[in-house]
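What follows is a single structure, written as structure tokens, with notes after it.
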Amino acid sequence: MKRIYLDHAATTPTAPEVAQAMLPYLSGVYGNASSLHSFGLEARTAVEEARARIASFMGAKPEEIVFTSGGTESDNFIIKGFALSRRNKGNHIITSSIEHHAVLETCKFLQGQGFSVTYLPVDENGLVNPDDVKKAITAETILISVMHGNNEIGTIEPIAEIGAVAREHGVAFHSDAVQTFGHIPIDVNDLQVDFLSVSAHKLYGPKGIGLTYVRNGMKIIPLLHGGDQERRRRASTLNIPGIVGFGRAVELAGSDMRAELSRQSVLRDRLASGLLSAVEDSRLNGHPIRRLPNNVNISFAFVEGEGLLLNLDMEGIAVSTGSACTSSSLEPSHVLAAIGLPVELAHGSLRFSLGRDTTQQDIERVLQVMPGIVYRLRAMSPLARKGATA
Amino acid sequence: MTQTGAYNDKVMDHFRNPRNVGELEHPDGVGTAGNPVCGDIMEISIQVEDDVIKDVRFRTFGCGAAIATSSMTTEMVKGKTIDEALAVSNKAVAEALGGLPPIKMHCSVLAEEALRSAIDDYRRRNGKS
Ligand code: FES
């Protein structure tokens, strides 16, 4: 049985070209990028090449890129580091109620440190209203953080509009772009962001490497103190193989992103409409149009997501209930709650996330097995309406 | 914890082929229970003759562990007297399944409570409580 991986939002398979590019840096080229000798120079050259390539891919300057260990670190670094650096200017942060936990938990931590945080609501499609952002700004506001694409329901937020509001009020603006970078075009100037968080393993790069975009002139207190690496914004010996792999992943994205964007969007729409018509009492979560090209999130009434997931897994199909990071938690997703989905429906939600390796046949296979799985579970559900379980 | 790998073969067997699913047409007792932790729901109906549970059916809206423990519970209490059935604890059910992941232990309470509520209902109908 061919296994079908539809959990690319959790992580993507490392591209063979990426692994290939990393290999020399796992053995032969082992210098420390901070060393002055030729071994160090080799490593340094590789890092700076990758940095320049990644920076130009997002319309940034190389010195505006700070490599980190991934999205979670980037979110922590920016929100904590910027809040601390502006502590004497104000204590108010604005974010949305559907952010990744790396943002929400960091904000909660800061609340414990005397900051105040506004969590903006979203509409039924998961959109943040830029007017709400504007209204929430006070004289104390120092930072706005709104994600680019939502990891659970795929909604793409109006980042450029929020960026314009932030500029107009002189407030710094951060966006978590972990789900979008390498999947849809990003230009830091078009989006009017001051900070971005990005993770390599969501775009076929290695795990354990990510970056923060920090606009020139933005002061930020490091999370890690120690050496002078990354212009003293992050101490720690650089992860050379990771950075090289990240650079290669971005190069690959540069060559196929636009083609994949339209190819995956077609498959996405086929999957969504196919499921909605094959299974009664199901609904699509997230924005119908403004959504990630690879995200389908569907609620199946009267059944529970884990049962669906286990049944699909037995068919060799890998999907996720809510976001991967929270799959051990019993609470229904905060994102589905924020769009107003009733708890029972939130419980029966699945996220299918497509990727480069997803084919039309994969989608047809899901459409073939899914109705049977749902109806089988409905037959044993006390919530199912009579007649809806046929 | 939602990976197949988190459950052992026995649990997966009961999840895949749950025993005694459905509703009895003429039950002597019906009970439901809701799990306050996760909001999941289970319903059990029993048929009792001479104080012995002759037949039992369940329906569950819940995770894999909830379905498997519901199924195992019905197997364990079928043919038992009411008192014997009441002595079947959620721990015993989890043990009979070869264990559950710790985070899923609370799911096994659902079946125990639904069964108790079905037995209460039976006793009420028969003026025994
Ligand atoms: S998580 Fe609700 S019964 Fe298991």
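Residues are referred to by chain and number: the chain letter is A, B, ... according to the order shown in the structure tokens, the number counts from 1 in that chain, and ligands are numbered separately from 1 in the order shown.
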Taking only C-alpha atoms and all ligand atoms into account, produce a table as CSV in which each residue of chain B with an atom at most 12 Å from an atom of ligand 1 appears once, together with its shortest atom pair and the distance in Å to one decimal, ordered by chain and rising number.
residue,atom,partner,partner_atom_place_in_ligand_line,distance
B:Met1,CA,ligand 1,1 (S),10.1
B:Thr2,CA,ligand 1,1 (S),9.6
B:Ala33,CA,ligand 1,3 (S),10.5
B:Gly34,CA,ligand 1,3 (S),8.7
B:Asn35,CA,ligand 1,3 (S),6.4
B:Pro36,CA,ligand 1,2 (Fe),8.6
B:Val37,CA,ligand 1,2 (Fe),7.0
B:Cys38,CA,ligand 1,2 (Fe),4.6
B:Gly39,CA,ligand 1,2 (Fe),6.3
B:Asp40,CA,ligand 1,2 (Fe),4.7
B:Ile41,CA,ligand 1,3 (S),7.4
B:Met42,CA,ligand 1,3 (S),8.7
B:Thr60,CA,ligand 1,3 (S),8.7
B:Phe61,CA,ligand 1,3 (S),7.8
B:Gly62,CA,ligand 1,3 (S),4.7
B:Cys63,CA,ligand 1,4 (Fe),4.4
B:Gly64,CA,ligand 1,4 (Fe),6.7
B:Ala65,CA,ligand 1,4 (Fe),5.5
B:Ala66,CA,ligand 1,3 (S),4.6
B:Ile67,CA,ligand 1,3 (S),7.9
B:Ala68,CA,ligand 1,4 (Fe),9.9
B:Thr69,CA,ligand 1,3 (S),9.4
B:Ser70,CA,ligand 1,3 (S),9.9
B:Leu100,CA,ligand 1,4 (Fe),10.6
B:Pro101,CA,ligand 1,4 (Fe),10.6
B:Pro102,CA,ligand 1,4 (Fe),11.1
B:Ile103,CA,ligand 1,1 (S),8.5
B:Lys104,CA,ligand 1,4 (Fe),5.8
B:Met105,CA,ligand 1,4 (Fe),8.0
B:His106,CA,ligand 1,4 (Fe),6.9
B:Cys107,CA,ligand 1,3 (S),4.0
B:Ser108,CA,ligand 1,3 (S),7.2
B:Val109,CA,ligand 1,3 (S),8.4
B:Leu110,CA,ligand 1,3 (S),6.8
B:Ala111,CA,ligand 1,3 (S),9.3
B:Glu112,CA,ligand 1,3 (S),12.0
Within 8 Å of chain B: residues of chain A, using only C-alpha atoms, as a PyMOL selection string: chain A and resi 302-307+309-311+313+327-328+330-332+343-344+379-383
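Remark: for Val48 (chain B), the closest of the candidate residues B:Gly98, B:Gly127, B:Pro27, B:Lys10 is B:Pro27 (distances computed over only C-alpha atoms).
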Between CA of Asp256 (chain A) and CA of Met58 (chain A) - distance in Å to one decimal: 15.3 Å
9 Å contact set for region 201-215 of chain A, only C-alpha atoms, chain neighbours under 2 positions out, as a ChimeraX atom specification: /A:8-16,18-19,55,60-61,63-75,77-78,178-183,188,193-199,217-220,239,241-243,245-250,252-253
DSSP-assigned strand (DSSP E or B) among chain B, expressed as number ranges by chain: B: 21, 29-34, 41-49, 52-61, 81
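Shell of Gly99 (chain B) at 8 Å, with only C-alpha atoms counted and residues fewer than 4 places along the chain excluded, is Asn8, Ala94 and Glu95 of chain B.
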Just the selected residues (N, CA and C atoms), exported as a short mmCIF file (atom, residue, chain, number, x, y, z; two decimals), in the first residue's frame, please.
data_model
loop_
_atom_site.label_atom_id
_atom_site.label_comp_id
_atom_site.auth_asym_id
_atom_site.auth_seq_id
_atom_site.Cartn_x
_atom_site.Cartn_y
_atom_site.Cartn_z
N ASN B 8 -1.62 0.05 21.84
CA ASN B 8 -1.15 -1.31 21.58
C ASN B 8 -2.13 -2.05 20.65
N ALA B 94 -8.88 -1.01 31.49
CA ALA B 94 -7.62 -0.59 30.86
C ALA B 94 -6.59 -1.71 30.92
N GLU B 95 -6.58 -2.42 32.07
CA GLU B 95 -5.64 -3.54 32.20
C GLU B 95 -5.96 -4.65 31.20
#
